[in-house]
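Asks: Got a structure here, written out as structure tokens. Questions coming.
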Amino acid sequence: MENVHLAVEEDDLYSGYNDFNPTFDSEDLENDMGFQQAIRTSHGRRPPVRLSYTVFILIFIEMEREKNTIGSRENLHVGIIFDGAARPMTAVRAAGYTSYMTRGSSFDPLGQSRGPAPPLEAKNEDTPEEKIKLLEKKVNDLTEESCVAQSTGNLQLALEKAKEAGRKERTLVRQREQSGNSDHINLDLTYSVLLNLANQYENNEMYPEALNSYQVIVKNKMFSNAGRLKVNMGNIYFKQKNYPKAIKFYRMALDQISNSHKDMRIKIMQNIGVVFVRLGQYSDAITSFEHIMSESPNIKTGFNLILCYYAIGDRERMKKAFQKLISVPLGIDDEDKYILSNDDTSLNMVIEAIKNDKLHQMERDLKLRTEKYIMTAAKLIAPAIETSFASGFDWCVDMVKTSQYVELANDLEINKAITYLRQKNFNQAVETLKTFEKKDSRVKSAAATNLSCLYFLEKDYDQADRYADLAMNADRYNPAALINKGNTVFLKQDYEKSAEFYKEALRNDSSCTVGLYNLGLTYKRLGRLEEALDCFLKLHAILRNSDQVMYQLAILYPLLGDSQQAIEWLMQVISVTPTDPHALAKLGKLYDDEGDKSQAFQYYSESYRYFPCNIDVIEWLGAYYIETQFCEKAIQYFERAMLIQPTQVKWQLIVASCYRRSGNYQKALETYKEIHRKFPENVECLRFLVRLSTDMGLKEVQEYATRLKKVEKMKEIREQRVKSGRENSARGRREGREGSAGSADSGHSSGSIRGERLSAKMRSLPGSNEPYEASSPKELDASYVDPLGPQMERPKTGAKKRVDDDDFAEEELGDDLLPE
């Protein structure tokens with residue numbers, strides 16, 4: 001059998017090997033251009049040569065073996081046969097004959113000669129162990145989803161996921177106990193689920209539930225280091241303002257933390273000190289803060305220590321605490337590492353990459369916060385540590401100059417000047433700022449900007465312009481300096497140039513809201529209303545609750561012909577500042593223009609309630625009551641106008657006429673007599689006195705009629721003198737009106753829109769033919785019903801006859817004494 005086997009093997013293995021097949025000629029494949037082009041990858045790069053050759057040879061050997069296979073296809077191999085032995089997979093074993101390799105064996109790495117591999121055993125998910133594993137995975141997934149939801153701000157979803165994870169975890173524990181594997185309970189998983197649930201309760205401000213969850217963890221002795229969570233419980237009591245319990249839990253946590261965790265102990269002691277400050281126990285807070293400053297000093301604790309010393313009024317300890325504060329190391333490297341080099345290009349690339357990274361931003365924030373603490377502490381203790389604010393501030397400046405924050409000294413000096421401004425000590429502020437004129441450009445520009453603002457407020461516009469130029473020359477990119485320069489040019493009415501300065505300030509600092517606001521005002525002065533509207537709309541997008549911006553928008557829309565938009569913006573202004581009388585009056589005027597008298601009356605009344613000195617509002621309300629025939633209510637408004645403008649006789653004449661219209665003739669007569677006493681040459685008052693005396697049958701009729709005639713003759717004489725003595729007739733007419741007795745005080749200005757509106761609404765009184773104002777005498781008729789109707793079309797001159805022939809029929813008066 002062995003010889004037969006050998007013979008068969010020889011015939012099977014070596015048959016056909018002497019025949020040359022050109023397909024297997026792989027020696028010249030490197031020079032075959034078509035083959036090389038075919039085996040290139042999609043990226044145009046050639047794959048490794050050895051792998052390509054091997055794959056190619058294996059493919060063709062497989063094809064050839066399919067042609068020459070002897071036996072069943074299940075015994076087909078993929079491999080290369082050399083001398084009847086299988087080639088080993090690695091070079092560790094020699095390629096020759098071995099004892100366990102028969103002559104007919106072949107290389108079979110996949111084990112195909114042994115038949116198909118048995119299938120993998122499927123997991124049985126119904127077993128208790130598999131169920132426990134799946135449930136444990138579900139708990140981990142829910143906890144992770146809860147944490148992700150919290151990081152995205154969805155606190156409610158995070159709480160729901162944490163609750164579900166807690167329920168699944170309890171189910172998991174019960175299943176382990178039922179399966180007899182209670183010793184294999186995953187305590188870490190239980191701890192993480194409970195802790196996450198407590199955190200989510202706290203984030204959702206469900207403090208009792210959070211405290212219960214923390215208590216479950218703390219009381220379980222199987223959890224190591226669970227005592228640290230008493231810090232979290234103390235934080236919750238602090239939020240609930242239960243300060244004694246907060247201190248208790250902080251101290252319990254402090255006792256359970258070893259001295260090796262120094263940073264954690266320091267933070268807990270900071271919390272204890274802050275709670276003592278809230279309780280007003282400054283001595284205990286000082287003890288905690290002093291211990292921290294001696295062990296691990298930091299800026300925040302140093303500042304809190306200064307506040308405590310300030311609260312108890314200890315000057316010397318305030319000074320020592322300030323010195324400790326400015327000596328605290330920040331741990332920030334020098335800013336020179338971010339300066340670009342002229343030689344090393346690769347270094348510059350690294351600097352550009354780290355110039356605005358998270359670490360550098362953190363360093364900047366820390367530095368800014370530290371400077372803010374130092375500046376605030378200096379402003380706080382300066383008046384307290386010395387006899388005067390100036391000397392205390394000078395001491396702080398001297399201390400800062402000798403510290404690592406030497407660049408803050410100039411800022412403190414400028415802050416000193418600003419403090420003088422708040423104390424309204426302008427001279428000292430100016431003197432302090434002028435000392436910076438010879439310093440470096442940044443400080444010089446800041447000081448000059450403040451000086452320009454000071455002089456601008458004092459209306460010394462030449463000095464304001466000078467220092468604005470100085471600030472711009474020191475730092476052209478200073479937006480405040482550019483705005484001050486634009487303001488000085490704005491006052492000179494050079495609006496185009498001022499707009500350029502405001503635009504330049506915005507180019508240097510796009511967040512400069514003052515420049516954008518002033519630019520909108522400039523465009524409004526130039527009549528470029530659309531551009532002004534665009535500026536204020538942009539500003540409103542930045543400052544959502546700025547009533548000034550919304551008011552400017554309300555002013556612009558009527559100019560553009562859109563009153564409804566103006567009303568909407570004014571409603572927003574009132575929602576922000578409901579007591580602004582000007583906005584209320586403007587809203588009332590818009591409703592009046594729209595014809596809605598009731599809404600206009602409501603807003604005018606509100607405006608008058610908050611500011612009862614606006615003549616326009618007083619005039620409109622008085623005219624409204626006269627129009628609605630409530631003259632008694634109109635009297636109080638015109639009496640207010642009399643107090644505001646006591647030299648204007650028209651308000652007093654209107655009050656007297658209101659008394660007449662309401663039927664109180666005696667009060668009207670007394671009012672007219674009082675007006676005649678104050679303004680004896682007022683023609684209108686004398687005419688009313690003649691009329692009332694006649695109607696009431698008084699003896700003073702002849703006396704008032706004589707005075708009226710004399711006053712009118714004096715008026716004519718003055719007018720003739722003025723006309724003859726003046727070459728300019730227009731100016732002569734103005735002089736004549738001023739010289740006439742009380743005509744300037746009679747109350748009507750022909751060029752005043754307000755006066756025209758008032759005369760249109762208050763033309764007549766019942767039972768009289770006399771007007772309210774001197775500009776339209778004798779126009780009124782007792783039978784006239786609607787004073788705002790036809791009276792608007794009547795002439796305002798004395799062209800027609802002023803009195804009827806029978807007005808003074810019962811009096812024995814000469815024709816020369818009758819009014820014209």
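Naming works like this for the structure tokens: A, B, ... for the chains as they're shown, residue 1 at the start of each chain, ligands 1 onward in shown order.
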With a distance cut-off of 6 Å and only C-alpha atoms, select the neighbouring residues of range 599-616 of chain A, excluding the residue or stretch itself and same-chain residues fewer than 6 positions from it, and output the selection as a PyMOL selection string.

Replies: chain A and resi 581+584-585+588+591-592

Asks: Could you write out that same residue set with C-alpha atoms as a compact mmCIF listing (two decimals), in the first residue's frame?

Replies:
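Result written to result_29.txt:
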# COMPACT_ATOMS: atom_id res chain seq x y z
CA PRO A 581 -43.37 111.66 30.55
CA LEU A 584 -46.10 109.28 27.04
CA ALA A 585 -46.66 112.77 25.60
CA GLY A 588 -50.49 110.91 23.03
CA TYR A 591 -52.85 109.07 18.76
CA ASP A 592 -54.18 112.64 18.49

Asks: Skip Ala162 in chain A itself and residues of its chain fewer than 3 positions away, then list as an MDAnalysis selection string all residues within 9 Å of it, counting only C-alpha atoms.

Replies: chainID A and resid 142:143 145:147 157:159 165:167 193:194 196:198 200

Asks: Using only C-alpha atoms, pick whichever of A:Ser327, A:Thr432, A:Thr387, A:Asn682 has the shortest atom-to-atom distance to Thr370 in chain A.

Replies: A:Ser327

Asks: Go through range 231-438 of chain A and collect every residue that DSSP, computed from the backbone, puts in helix (DSSP H, G or I); the answer should be as a VMD selection string.

Replies: chain A and resid 231 to 239 243 to 255 262 to 279 282 to 295 299 to 312 315 to 326 335 to 338 345 to 354 358 to 385 389 to 401 408 to 422 426 to 434

Asks: For Lys241 in chain A, which residue among A:Arg278, A:Arg721, A:Lys710, A:His291 is the nearest when counting only C-alpha atoms?

Replies: A:Arg278

Asks: When distances are computed from only C-alpha atoms, which of A:Leu521, A:Leu708, A:Ala480, A:Ile675 shows the smallest separation from Tyr495 in chain A?

Replies: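 Nearest to Tyr495 in chain A: A:Leu521.
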
Asks: Do you know which residues are at most 9 Å from Gln552 in chain A counting only C-alpha atoms, after dropping those on the same chain fewer than 5 positions away, and could you put them as a list in words?

Replies: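 Residues near the query, excluding close chain neighbours: Gly520, Leu521, Leu533, Phe536, Asp547 and Tyr557 of chain A.
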
Asks: Just the selected residues (N, CA and C atoms), exported as a tab-separated table (two decimals), in the first residue's frame, please.

Replies:
chain	number	residue	atom	x	y	z
A	520	GLY	N	-26.03	107.42	14.24
A	520	GLY	CA	-27.45	107.51	13.90
A	520	GLY	C	-27.99	108.92	14.07
A	521	LEU	N	-27.60	109.61	15.16
A	521	LEU	CA	-28.03	111.00	15.35
A	521	LEU	C	-27.49	111.89	14.24
A	533	LEU	N	-32.04	105.06	10.49
A	533	LEU	CA	-32.87	103.94	10.95
A	533	LEU	C	-32.07	102.65	10.99
A	536	PHE	N	-29.87	102.60	14.18
A	536	PHE	CA	-30.58	102.36	15.43
A	536	PHE	C	-31.16	100.94	15.49
A	547	ASP	N	-34.03	102.04	26.29
A	547	ASP	CA	-35.17	102.90	25.98
A	547	ASP	C	-34.78	104.06	25.07
A	557	TYR	N	-39.65	106.95	12.66
A	557	TYR	CA	-40.71	106.38	11.83
A	557	TYR	C	-41.76	107.41	11.41

Asks: I'd like the neighbourhood of Ala474 in chain A as a PyMOL selection string, where a residue qualifies if any of its atoms comes within 12 Å (using only C-alpha atoms), though same-chain residues fewer than 4 positions away should be ignored.

Replies: chain A and resi 436-449+467-470+478+481-482

Asks: Measuring between only C-alpha atoms, which one of A:Cys308, A:Lys161, A:Lys713, A:Ile542 shows the shortest distance to Gln281 in chain A?

Replies: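 Ranked by minimum distance to Gln281 in chain A, first place goes to A:Cys308.
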
Asks: Mind giving me the straight-line distance from CA of Cys658 in chain A to CA of Tyr624 in chain A in Å, one decimal?

Replies: 12.8 Å
